[in-house]
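Listing of coords_31.cif, mmCIF, N, CA, C and O atoms
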data_work
loop_
_atom_site.label_atom_id
_atom_site.label_comp_id
_atom_site.auth_asym_id
_atom_site.auth_seq_id
_atom_site.Cartn_x
_atom_site.Cartn_y
_atom_site.Cartn_z
N VAL A 1 -8.94 -5.13 16.28
CA VAL A 1 -9.31 -4.11 15.31
C VAL A 1 -8.25 -3.01 15.35
O VAL A 1 -7.88 -2.54 16.42
N HIS A 2 -7.78 -2.63 14.18
CA HIS A 2 -6.78 -1.56 14.09
C HIS A 2 -7.46 -0.23 14.38
O HIS A 2 -8.53 0.06 13.85
N PRO A 3 -6.86 0.62 15.22
CA PRO A 3 -7.49 1.90 15.54
C PRO A 3 -7.46 2.89 14.37
O PRO A 3 -6.45 2.98 13.67
N ASN A 4 -8.57 3.59 14.16
CA ASN A 4 -8.60 4.67 13.16
C ASN A 4 -7.92 5.91 13.76
O ASN A 4 -7.91 6.08 14.97
N TYR A 5 -7.39 6.74 12.92
CA TYR A 5 -6.74 8.00 13.30
C TYR A 5 -5.48 7.79 14.13
O TYR A 5 -5.02 8.70 14.80
N PHE A 6 -4.93 6.60 14.10
CA PHE A 6 -3.68 6.31 14.80
C PHE A 6 -2.54 6.57 13.81
O PHE A 6 -2.58 6.07 12.69
N PRO A 7 -1.55 7.35 14.18
CA PRO A 7 -0.47 7.65 13.22
C PRO A 7 0.21 6.38 12.71
O PRO A 7 0.50 5.47 13.48
N ALA A 8 0.41 6.34 11.41
CA ALA A 8 1.10 5.19 10.81
C ALA A 8 2.59 5.28 11.13
O ALA A 8 3.20 6.34 10.97
N PHE A 9 3.15 4.21 11.63
CA PHE A 9 4.59 4.18 11.88
C PHE A 9 5.15 2.85 11.39
O PHE A 9 4.53 1.80 11.55
N LEU A 10 6.29 2.93 10.75
CA LEU A 10 6.93 1.73 10.22
C LEU A 10 7.42 0.85 11.36
O LEU A 10 8.02 1.34 12.33
N HIS A 11 7.14 -0.43 11.24
CA HIS A 11 7.57 -1.40 12.24
C HIS A 11 7.60 -2.79 11.60
O HIS A 11 7.18 -2.97 10.46
N HIS A 12 8.06 -3.76 12.34
CA HIS A 12 8.04 -5.15 11.88
C HIS A 12 7.84 -6.06 13.09
O HIS A 12 7.92 -5.61 14.23
N HIS A 13 7.54 -7.32 12.82
CA HIS A 13 7.25 -8.27 13.89
C HIS A 13 8.07 -9.54 13.72
O HIS A 13 8.62 -9.79 12.65
N THR A 14 8.06 -10.36 14.75
CA THR A 14 8.67 -11.69 14.68
C THR A 14 7.62 -12.75 14.37
O THR A 14 7.90 -13.94 14.38
N TYR A 15 6.40 -12.33 14.09
CA TYR A 15 5.29 -13.22 13.79
C TYR A 15 4.61 -12.79 12.49
O TYR A 15 4.88 -11.71 11.96
N PHE A 16 3.73 -13.64 11.98
CA PHE A 16 2.93 -13.29 10.81
C PHE A 16 1.82 -12.34 11.23
O PHE A 16 1.28 -12.45 12.33
N GLU A 17 1.49 -11.41 10.35
CA GLU A 17 0.35 -10.54 10.58
C GLU A 17 -0.59 -10.63 9.38
O GLU A 17 -0.15 -10.51 8.24
N ILE A 18 -1.84 -10.88 9.66
CA ILE A 18 -2.86 -10.90 8.62
C ILE A 18 -3.69 -9.64 8.80
O ILE A 18 -4.19 -9.36 9.89
N ILE A 19 -3.83 -8.87 7.73
CA ILE A 19 -4.62 -7.64 7.75
C ILE A 19 -5.82 -7.85 6.83
O ILE A 19 -5.65 -8.19 5.65
N TYR A 20 -7.01 -7.67 7.38
CA TYR A 20 -8.24 -7.85 6.62
C TYR A 20 -9.09 -6.58 6.74
O TYR A 20 -9.30 -6.07 7.85
N VAL A 21 -9.57 -6.08 5.61
CA VAL A 21 -10.41 -4.88 5.60
C VAL A 21 -11.86 -5.33 5.64
O VAL A 21 -12.40 -5.82 4.65
N LEU A 22 -12.47 -5.19 6.81
CA LEU A 22 -13.87 -5.57 7.00
C LEU A 22 -14.81 -4.53 6.39
O LEU A 22 -15.79 -4.88 5.73
N GLU A 23 -14.50 -3.26 6.61
CA GLU A 23 -15.29 -2.15 6.06
C GLU A 23 -14.35 -1.00 5.71
O GLU A 23 -13.33 -0.81 6.37
N GLY A 24 -14.68 -0.24 4.68
CA GLY A 24 -13.91 0.94 4.32
C GLY A 24 -12.63 0.60 3.57
O GLY A 24 -12.61 -0.29 2.72
N SER A 25 -11.56 1.31 3.94
CA SER A 25 -10.29 1.12 3.24
C SER A 25 -9.14 1.56 4.15
O SER A 25 -9.37 2.15 5.22
N CYS A 26 -7.93 1.28 3.72
CA CYS A 26 -6.74 1.73 4.42
C CYS A 26 -5.58 1.73 3.42
O CYS A 26 -5.71 1.21 2.31
N ILE A 27 -4.49 2.31 3.82
CA ILE A 27 -3.27 2.23 3.02
C ILE A 27 -2.24 1.48 3.86
O ILE A 27 -2.01 1.83 5.02
N ASN A 28 -1.68 0.45 3.29
CA ASN A 28 -0.64 -0.31 3.95
C ASN A 28 0.67 -0.01 3.24
O ASN A 28 0.79 -0.27 2.04
N TYR A 29 1.60 0.55 3.95
CA TYR A 29 2.92 0.83 3.40
C TYR A 29 3.81 -0.37 3.71
O TYR A 29 4.14 -0.62 4.87
N THR A 30 4.11 -1.14 2.68
CA THR A 30 4.90 -2.36 2.86
C THR A 30 6.21 -2.22 2.11
O THR A 30 6.22 -2.04 0.89
N GLU A 31 7.30 -2.28 2.88
CA GLU A 31 8.64 -2.16 2.33
C GLU A 31 8.77 -0.94 1.43
O GLU A 31 9.32 -0.99 0.33
N GLY A 32 8.19 0.19 1.89
CA GLY A 32 8.33 1.47 1.19
C GLY A 32 7.33 1.74 0.09
O GLY A 32 7.34 2.80 -0.51
N ARG A 33 6.43 0.80 -0.19
CA ARG A 33 5.45 1.00 -1.26
C ARG A 33 4.03 1.03 -0.70
O ARG A 33 3.67 0.17 0.09
N PRO A 34 3.23 2.00 -1.14
CA PRO A 34 1.85 2.06 -0.65
C PRO A 34 0.97 1.02 -1.36
O PRO A 34 1.09 0.80 -2.56
N LEU A 35 0.10 0.40 -0.60
CA LEU A 35 -0.86 -0.54 -1.13
C LEU A 35 -2.23 -0.14 -0.60
O LEU A 35 -2.48 -0.23 0.61
N VAL A 36 -3.12 0.31 -1.49
CA VAL A 36 -4.48 0.67 -1.08
C VAL A 36 -5.27 -0.62 -0.92
O VAL A 36 -5.33 -1.44 -1.83
N MET A 37 -5.85 -0.78 0.26
CA MET A 37 -6.67 -1.96 0.54
C MET A 37 -8.11 -1.51 0.74
O MET A 37 -8.37 -0.52 1.41
N ARG A 38 -9.04 -2.27 0.16
CA ARG A 38 -10.46 -1.95 0.25
C ARG A 38 -11.22 -3.13 0.86
O ARG A 38 -10.65 -4.19 1.06
N ARG A 39 -12.49 -2.91 1.10
CA ARG A 39 -13.35 -3.93 1.73
C ARG A 39 -13.09 -5.32 1.15
O ARG A 39 -13.04 -5.50 -0.06
N SER A 40 -12.90 -6.28 2.03
CA SER A 40 -12.67 -7.71 1.77
C SER A 40 -11.25 -8.02 1.28
O SER A 40 -10.96 -9.17 0.99
N ASP A 41 -10.36 -7.04 1.22
CA ASP A 41 -8.96 -7.33 0.88
C ASP A 41 -8.25 -7.97 2.07
O ASP A 41 -8.55 -7.66 3.23
N LEU A 42 -7.32 -8.84 1.75
CA LEU A 42 -6.56 -9.58 2.77
C LEU A 42 -5.09 -9.50 2.42
O LEU A 42 -4.72 -9.66 1.26
N LEU A 43 -4.25 -9.26 3.41
CA LEU A 43 -2.81 -9.18 3.21
C LEU A 43 -2.14 -10.02 4.29
O LEU A 43 -2.47 -9.88 5.48
N ILE A 44 -1.22 -10.89 3.89
CA ILE A 44 -0.45 -11.69 4.84
C ILE A 44 0.99 -11.19 4.81
O ILE A 44 1.63 -11.23 3.76
N LEU A 45 1.46 -10.73 5.96
CA LEU A 45 2.83 -10.21 6.07
C LEU A 45 3.68 -11.21 6.85
O LEU A 45 3.35 -11.54 8.00
N PRO A 46 4.76 -11.69 6.25
CA PRO A 46 5.64 -12.61 6.98
C PRO A 46 6.48 -11.86 8.01
O PRO A 46 6.63 -10.63 7.94
N PRO A 47 7.06 -12.58 8.97
CA PRO A 47 7.91 -11.95 9.97
C PRO A 47 9.03 -11.15 9.31
O PRO A 47 9.56 -11.52 8.27
N GLY A 48 9.35 -10.01 9.93
CA GLY A 48 10.44 -9.18 9.45
C GLY A 48 10.08 -8.20 8.36
O GLY A 48 10.91 -7.42 7.93
N THR A 49 8.82 -8.19 7.89
CA THR A 49 8.40 -7.28 6.83
C THR A 49 8.09 -5.91 7.43
O THR A 49 7.20 -5.77 8.27
N GLU A 50 8.81 -4.90 6.98
CA GLU A 50 8.58 -3.55 7.46
C GLU A 50 7.29 -3.02 6.85
O GLU A 50 7.11 -3.07 5.63
N HIS A 51 6.39 -2.49 7.69
CA HIS A 51 5.10 -2.01 7.20
C HIS A 51 4.50 -0.98 8.15
O HIS A 51 4.94 -0.84 9.30
N ALA A 52 3.47 -0.29 7.67
CA ALA A 52 2.68 0.66 8.46
C ALA A 52 1.29 0.71 7.86
O ALA A 52 1.12 0.60 6.65
N VAL A 53 0.29 0.87 8.71
CA VAL A 53 -1.10 0.94 8.25
C VAL A 53 -1.65 2.32 8.56
O VAL A 53 -1.49 2.83 9.66
N SER A 54 -2.31 2.92 7.57
CA SER A 54 -2.91 4.24 7.71
C SER A 54 -4.41 4.12 7.48
O SER A 54 -4.85 3.67 6.42
N SER A 55 -5.19 4.52 8.49
CA SER A 55 -6.65 4.43 8.41
C SER A 55 -7.24 5.67 9.08
O SER A 55 -7.20 5.81 10.29
N PHE A 56 -7.78 6.60 8.27
CA PHE A 56 -8.22 7.88 8.80
C PHE A 56 -9.66 8.23 8.45
O PHE A 56 -9.96 9.37 8.11
N GLU A 57 -10.57 7.25 8.52
CA GLU A 57 -11.99 7.51 8.31
C GLU A 57 -12.80 6.75 9.35
O GLU A 57 -12.44 5.63 9.72
N ASP A 58 -13.89 7.36 9.80
CA ASP A 58 -14.71 6.74 10.85
C ASP A 58 -15.22 5.35 10.49
O ASP A 58 -15.31 4.48 11.33
N GLY A 59 -15.59 5.13 9.23
CA GLY A 59 -16.20 3.87 8.83
C GLY A 59 -15.23 2.73 8.59
O GLY A 59 -15.66 1.62 8.29
N ASN A 60 -13.95 2.97 8.70
CA ASN A 60 -12.97 1.90 8.45
C ASN A 60 -12.96 0.89 9.59
O ASN A 60 -12.94 1.26 10.76
N ARG A 61 -12.95 -0.39 9.22
CA ARG A 61 -12.83 -1.47 10.19
C ARG A 61 -11.74 -2.41 9.65
O ARG A 61 -11.98 -3.19 8.74
N ILE A 62 -10.57 -2.30 10.23
CA ILE A 62 -9.42 -3.08 9.79
C ILE A 62 -9.11 -4.10 10.88
O ILE A 62 -8.88 -3.74 12.04
N ILE A 63 -9.09 -5.37 10.52
CA ILE A 63 -8.83 -6.46 11.47
C ILE A 63 -7.38 -6.90 11.34
O ILE A 63 -6.90 -7.16 10.23
N ASN A 64 -6.69 -6.99 12.47
CA ASN A 64 -5.32 -7.50 12.51
C ASN A 64 -5.33 -8.84 13.25
O ASN A 64 -5.84 -8.92 14.36
N ILE A 65 -4.75 -9.85 12.62
CA ILE A 65 -4.62 -11.15 13.26
C ILE A 65 -3.14 -11.47 13.32
O ILE A 65 -2.44 -11.43 12.30
N LEU A 66 -2.65 -11.76 14.52
CA LEU A 66 -1.24 -12.03 14.74
C LEU A 66 -1.06 -13.51 15.04
O LEU A 66 -1.72 -14.06 15.91
N ILE A 67 -0.14 -14.17 14.28
CA ILE A 67 0.05 -15.61 14.41
C ILE A 67 1.53 -15.92 14.51
O ILE A 67 2.32 -15.47 13.66
N ARG A 68 1.90 -16.71 15.52
CA ARG A 68 3.29 -17.13 15.64
C ARG A 68 3.75 -17.81 14.35
O ARG A 68 3.00 -18.57 13.74
N ALA A 69 4.99 -17.55 13.97
CA ALA A 69 5.53 -18.11 12.73
C ALA A 69 5.45 -19.63 12.73
O ALA A 69 5.09 -20.24 11.72
N SER A 70 5.78 -20.27 13.84
CA SER A 70 5.78 -21.73 13.90
C SER A 70 4.38 -22.30 13.63
O SER A 70 4.24 -23.28 12.90
N LEU A 71 3.35 -21.69 14.21
CA LEU A 71 1.99 -22.17 13.99
C LEU A 71 1.54 -21.92 12.55
O LEU A 71 0.99 -22.80 11.90
N PHE A 72 1.79 -20.72 12.04
CA PHE A 72 1.39 -20.40 10.67
C PHE A 72 2.06 -21.34 9.67
O PHE A 72 1.40 -21.89 8.79
N GLU A 73 3.36 -21.53 9.81
CA GLU A 73 4.08 -22.39 8.88
C GLU A 73 3.61 -23.84 8.96
O GLU A 73 3.43 -24.50 7.95
N ARG A 74 3.37 -24.31 10.19
CA ARG A 74 2.91 -25.70 10.35
C ARG A 74 1.54 -25.88 9.69
O ARG A 74 1.33 -26.84 8.95
N MET A 75 0.61 -24.97 9.90
CA MET A 75 -0.72 -25.09 9.34
C MET A 75 -0.73 -24.82 7.83
O MET A 75 -1.39 -25.51 7.08
N PHE A 76 -0.01 -23.79 7.40
CA PHE A 76 0.01 -23.42 5.99
C PHE A 76 0.65 -24.52 5.14
O PHE A 76 0.09 -24.94 4.14
N PHE A 77 1.80 -25.00 5.55
CA PHE A 77 2.49 -26.00 4.75
C PHE A 77 1.76 -27.33 4.76
O PHE A 77 1.80 -28.07 3.79
N LYS A 78 1.04 -27.62 5.83
CA LYS A 78 0.22 -28.82 5.86
C LYS A 78 -0.85 -28.73 4.77
O LYS A 78 -1.09 -29.67 4.02
N GLN A 79 -1.50 -27.56 4.64
CA GLN A 79 -2.53 -27.35 3.62
C GLN A 79 -1.92 -27.33 2.22
O GLN A 79 -2.52 -27.85 1.28
N MET A 80 -0.75 -26.73 2.07
CA MET A 80 -0.11 -26.68 0.75
C MET A 80 0.23 -28.08 0.26
O MET A 80 0.10 -28.37 -0.92
N TRP A 81 0.66 -28.97 1.15
CA TRP A 81 0.94 -30.35 0.75
C TRP A 81 -0.33 -30.99 0.21
O TRP A 81 -0.32 -31.63 -0.84
N PHE A 82 -1.46 -30.78 0.87
CA PHE A 82 -2.72 -31.35 0.43
C PHE A 82 -3.12 -30.79 -0.93
O PHE A 82 -3.52 -31.53 -1.82
N ILE A 83 -2.99 -29.47 -1.10
CA ILE A 83 -3.36 -28.85 -2.37
C ILE A 83 -2.48 -29.37 -3.49
O ILE A 83 -2.95 -29.72 -4.56
N HIS A 84 -1.17 -29.46 -3.25
CA HIS A 84 -0.24 -29.96 -4.27
C HIS A 84 -0.55 -31.42 -4.61
O HIS A 84 -0.62 -31.79 -5.76
N PHE A 85 -0.79 -32.24 -3.60
CA PHE A 85 -1.10 -33.63 -3.82
C PHE A 85 -2.42 -33.78 -4.58
O PHE A 85 -2.52 -34.55 -5.51
N SER A 86 -3.43 -33.01 -4.21
CA SER A 86 -4.74 -33.09 -4.84
C SER A 86 -4.72 -32.60 -6.28
O SER A 86 -5.50 -33.05 -7.09
N ALA A 87 -3.83 -31.67 -6.60
CA ALA A 87 -3.79 -31.09 -7.93
C ALA A 87 -3.40 -32.11 -8.99
O ALA A 87 -3.66 -31.92 -10.17
N GLY A 88 -2.78 -33.20 -8.59
CA GLY A 88 -2.35 -34.22 -9.55
C GLY A 88 -3.48 -35.09 -10.07
O GLY A 88 -3.28 -35.86 -11.00
N PHE A 89 -4.68 -34.96 -9.50
CA PHE A 89 -5.78 -35.84 -9.92
C PHE A 89 -6.75 -35.15 -10.82
O PHE A 89 -6.98 -34.02 -10.83
#
Now, as a test, write the supplied structure out as structure tokens.
Amino acid sequence: VHPNYFPAFLHHHTYFEIIYVLEGSCINYTEGRPLVMRRSDLLILPPGTEHAVSSFEDGNRIINILIRASLFERMFFKQMWFIHFSAGF
């Protein structure tokens, strides 16, 4: 869970980050642009994406899931192949 009232600072990772808004809202600054996220919004950030999350209300519940690039790509592309193959029928 992302901490509320934690100062937003720009950073990046070598892994994928999934940000999910369980309750409330937050602002995600991605590559210099603000993105307001609200309840049930989901954002997938690839490795190397500069970003910062701002959450300054008691009721906000922001979930961060960190996934190694190799695992994410292996699982994601496996599913994409199935979706692409299935779409032809």
Would you write out, as a list in words, every residue that the PyMOL selection byres (((chain A and resi 42 and name CA) around 12) and name CA) captures in this file?
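Matching residues under the PyMOL selection byres (((chain A and resi 42 and name CA) around 12) and name CA) are Glu17, Ile18, Ile19, Tyr20, Val21, Leu22, Glu23, Ser25, Cys26, Asn28, Leu35, Val36, Met37, Arg38, Arg39, Ser40, Asp41, Leu43, Ile44, Leu45, Ile62, Ile63, Asn64 and Ile65 of chain A.
Considering all atoms listed in the file, the residue among A:Thr14, A:Phe9, A:Ser70, A:Glu50 positioned nearest to Arg33 of chain A is A:Glu50.
Selection by the PyMOL selection byres ((chain A and resi 12) around 8) on the present file picks out Phe9, Leu10, His11, His13, Thr14, Tyr15, Pro46, Pro47, Gly48, Thr49, Glu50, His51 and Ala52 of chain A.
Between atom CA of Asn60 of chain A and atom CA of Ala8 of chain A the interatomic distance comes to 14.6 Å.
Using only C-alpha atoms, the nearest neighbour of Gly59 of chain A within the list A:Phe6, A:Gly24, A:Tyr29, A:Phe16 is A:Gly24.
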If you run DSSP over the backbone, which residues in chain A end up strand (DSSP E)? Put them as a PyMOL selection string.
chain A and resi 16-23+25-30+33-38+42-45+51-54+61-67
Fix up segment 55-66 of chain A with all heavy atoms, then write it as a PDB file, in the coordinates of the input.
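Result file follows (rebuild08.pdb):
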ATOM      1  N   SER A  55      -5.190   4.520   8.490  1.00  0.00           N
ATOM      2  CA  SER A  55      -6.650   4.430   8.410  1.00  0.00           C
ATOM      3  C   SER A  55      -7.240   5.670   9.080  1.00  0.00           C
ATOM      4  O   SER A  55      -7.200   5.810  10.290  1.00  0.00           O
ATOM      5  CB  SER A  55      -7.124   3.171   9.134  1.00  0.00           C
ATOM      6  OG  SER A  55      -8.519   3.133   9.220  1.00  0.00           O
ATOM      7  N   PHE A  56      -7.780   6.600   8.270  1.00  0.00           N
ATOM      8  CA  PHE A  56      -8.220   7.880   8.800  1.00  0.00           C
ATOM      9  C   PHE A  56      -9.660   8.230   8.450  1.00  0.00           C
ATOM     10  O   PHE A  56      -9.960   9.370   8.110  1.00  0.00           O
ATOM     11  CB  PHE A  56      -7.273   8.995   8.329  1.00  0.00           C
ATOM     12  CG  PHE A  56      -5.937   8.944   9.007  1.00  0.00           C
ATOM     13  CD1 PHE A  56      -4.864   8.331   8.383  1.00  0.00           C
ATOM     14  CD2 PHE A  56      -5.760   9.489  10.259  1.00  0.00           C
ATOM     15  CE1 PHE A  56      -3.631   8.263   9.017  1.00  0.00           C
ATOM     16  CE2 PHE A  56      -4.536   9.440  10.902  1.00  0.00           C
ATOM     17  CZ  PHE A  56      -3.463   8.820  10.282  1.00  0.00           C
ATOM     18  N   GLU A  57     -10.570   7.250   8.520  1.00  0.00           N
ATOM     19  CA  GLU A  57     -11.990   7.510   8.310  1.00  0.00           C
ATOM     20  C   GLU A  57     -12.800   6.750   9.350  1.00  0.00           C
ATOM     21  O   GLU A  57     -12.440   5.630   9.720  1.00  0.00           O
ATOM     22  CB  GLU A  57     -12.419   7.103   6.905  1.00  0.00           C
ATOM     23  CG  GLU A  57     -11.787   7.952   5.812  1.00  0.00           C
ATOM     24  CD  GLU A  57     -12.253   7.563   4.421  1.00  0.00           C
ATOM     25  OE1 GLU A  57     -13.301   6.903   4.299  1.00  0.00           O
ATOM     26  OE2 GLU A  57     -11.559   7.930   3.464  1.00  0.00           O
ATOM     27  N   ASP A  58     -13.890   7.360   9.800  1.00  0.00           N
ATOM     28  CA  ASP A  58     -14.710   6.740  10.850  1.00  0.00           C
ATOM     29  C   ASP A  58     -15.220   5.350  10.490  1.00  0.00           C
ATOM     30  O   ASP A  58     -15.310   4.480  11.330  1.00  0.00           O
ATOM     31  CB  ASP A  58     -15.911   7.637  11.187  1.00  0.00           C
ATOM     32  CG  ASP A  58     -15.506   8.891  11.939  1.00  0.00           C
ATOM     33  OD1 ASP A  58     -14.448   8.878  12.600  1.00  0.00           O
ATOM     34  OD2 ASP A  58     -16.256   9.882  11.860  1.00  0.00           O
ATOM     35  N   GLY A  59     -15.590   5.130   9.230  1.00  0.00           N
ATOM     36  CA  GLY A  59     -16.200   3.870   8.830  1.00  0.00           C
ATOM     37  C   GLY A  59     -15.230   2.730   8.590  1.00  0.00           C
ATOM     38  O   GLY A  59     -15.660   1.620   8.290  1.00  0.00           O
ATOM     39  N   ASN A  60     -13.950   2.970   8.700  1.00  0.00           N
ATOM     40  CA  ASN A  60     -12.970   1.900   8.450  1.00  0.00           C
ATOM     41  C   ASN A  60     -12.960   0.890   9.590  1.00  0.00           C
ATOM     42  O   ASN A  60     -12.940   1.260  10.760  1.00  0.00           O
ATOM     43  CB  ASN A  60     -11.566   2.483   8.278  1.00  0.00           C
ATOM     44  CG  ASN A  60     -11.432   3.302   7.025  1.00  0.00           C
ATOM     45  OD1 ASN A  60     -12.254   3.221   6.118  1.00  0.00           O
ATOM     46  ND2 ASN A  60     -10.384   4.102   6.967  1.00  0.00           N
ATOM     47  N   ARG A  61     -12.950  -0.390   9.220  1.00  0.00           N
ATOM     48  CA  ARG A  61     -12.830  -1.470  10.190  1.00  0.00           C
ATOM     49  C   ARG A  61     -11.740  -2.410   9.650  1.00  0.00           C
ATOM     50  O   ARG A  61     -11.980  -3.190   8.740  1.00  0.00           O
ATOM     51  CB  ARG A  61     -14.135  -2.240  10.367  1.00  0.00           C
ATOM     52  CG  ARG A  61     -15.274  -1.418  10.895  1.00  0.00           C
ATOM     53  CD  ARG A  61     -15.056  -0.997  12.351  1.00  0.00           C
ATOM     54  NE  ARG A  61     -16.128  -0.152  12.808  1.00  0.00           N
ATOM     55  CZ  ARG A  61     -16.079   1.176  12.841  1.00  0.00           C
ATOM     56  NH1 ARG A  61     -15.015   1.811  12.423  1.00  0.00           N
ATOM     57  NH2 ARG A  61     -17.084   1.877  13.293  1.00  0.00           N
ATOM     58  N   ILE A  62     -10.570  -2.300  10.230  1.00  0.00           N
ATOM     59  CA  ILE A  62      -9.420  -3.080   9.790  1.00  0.00           C
ATOM     60  C   ILE A  62      -9.110  -4.100  10.880  1.00  0.00           C
ATOM     61  O   ILE A  62      -8.880  -3.740  12.040  1.00  0.00           O
ATOM     62  CB  ILE A  62      -8.185  -2.170   9.565  1.00  0.00           C
ATOM     63  CG1 ILE A  62      -8.558  -0.906   8.780  1.00  0.00           C
ATOM     64  CG2 ILE A  62      -7.052  -2.953   8.930  1.00  0.00           C
ATOM     65  CD1 ILE A  62      -9.187  -1.140   7.439  1.00  0.00           C
ATOM     66  N   ILE A  63      -9.090  -5.370  10.520  1.00  0.00           N
ATOM     67  CA  ILE A  63      -8.830  -6.460  11.470  1.00  0.00           C
ATOM     68  C   ILE A  63      -7.380  -6.900  11.340  1.00  0.00           C
ATOM     69  O   ILE A  63      -6.900  -7.160  10.230  1.00  0.00           O
ATOM     70  CB  ILE A  63      -9.758  -7.672  11.187  1.00  0.00           C
ATOM     71  CG1 ILE A  63     -11.217  -7.249  11.135  1.00  0.00           C
ATOM     72  CG2 ILE A  63      -9.506  -8.773  12.198  1.00  0.00           C
ATOM     73  CD1 ILE A  63     -11.777  -6.731  12.427  1.00  0.00           C
ATOM     74  N   ASN A  64      -6.690  -6.990  12.470  1.00  0.00           N
ATOM     75  CA  ASN A  64      -5.320  -7.500  12.510  1.00  0.00           C
ATOM     76  C   ASN A  64      -5.330  -8.840  13.250  1.00  0.00           C
ATOM     77  O   ASN A  64      -5.840  -8.920  14.360  1.00  0.00           O
ATOM     78  CB  ASN A  64      -4.398  -6.548  13.256  1.00  0.00           C
ATOM     79  CG  ASN A  64      -4.154  -5.271  12.513  1.00  0.00           C
ATOM     80  OD1 ASN A  64      -5.076  -4.693  11.951  1.00  0.00           O
ATOM     81  ND2 ASN A  64      -2.933  -4.826  12.507  1.00  0.00           N
ATOM     82  N   ILE A  65      -4.750  -9.850  12.620  1.00  0.00           N
ATOM     83  CA  ILE A  65      -4.620 -11.150  13.260  1.00  0.00           C
ATOM     84  C   ILE A  65      -3.140 -11.470  13.320  1.00  0.00           C
ATOM     85  O   ILE A  65      -2.440 -11.430  12.300  1.00  0.00           O
ATOM     86  CB  ILE A  65      -5.370 -12.237  12.455  1.00  0.00           C
ATOM     87  CG1 ILE A  65      -6.847 -11.862  12.340  1.00  0.00           C
ATOM     88  CG2 ILE A  65      -5.178 -13.605  13.097  1.00  0.00           C
ATOM     89  CD1 ILE A  65      -7.629 -12.713  11.368  1.00  0.00           C
ATOM     90  N   LEU A  66      -2.650 -11.760  14.520  1.00  0.00           N
ATOM     91  CA  LEU A  66      -1.240 -12.030  14.740  1.00  0.00           C
ATOM     92  C   LEU A  66      -1.060 -13.510  15.040  1.00  0.00           C
ATOM     93  O   LEU A  66      -1.720 -14.060  15.910  1.00  0.00           O
ATOM     94  CB  LEU A  66      -0.732 -11.187  15.913  1.00  0.00           C
ATOM     95  CG  LEU A  66      -1.129  -9.702  15.853  1.00  0.00           C
ATOM     96  CD1 LEU A  66      -0.679  -8.985  17.106  1.00  0.00           C
ATOM     97  CD2 LEU A  66      -0.576  -9.052  14.611  1.00  0.00           C
TER      98      LEU A  66
END
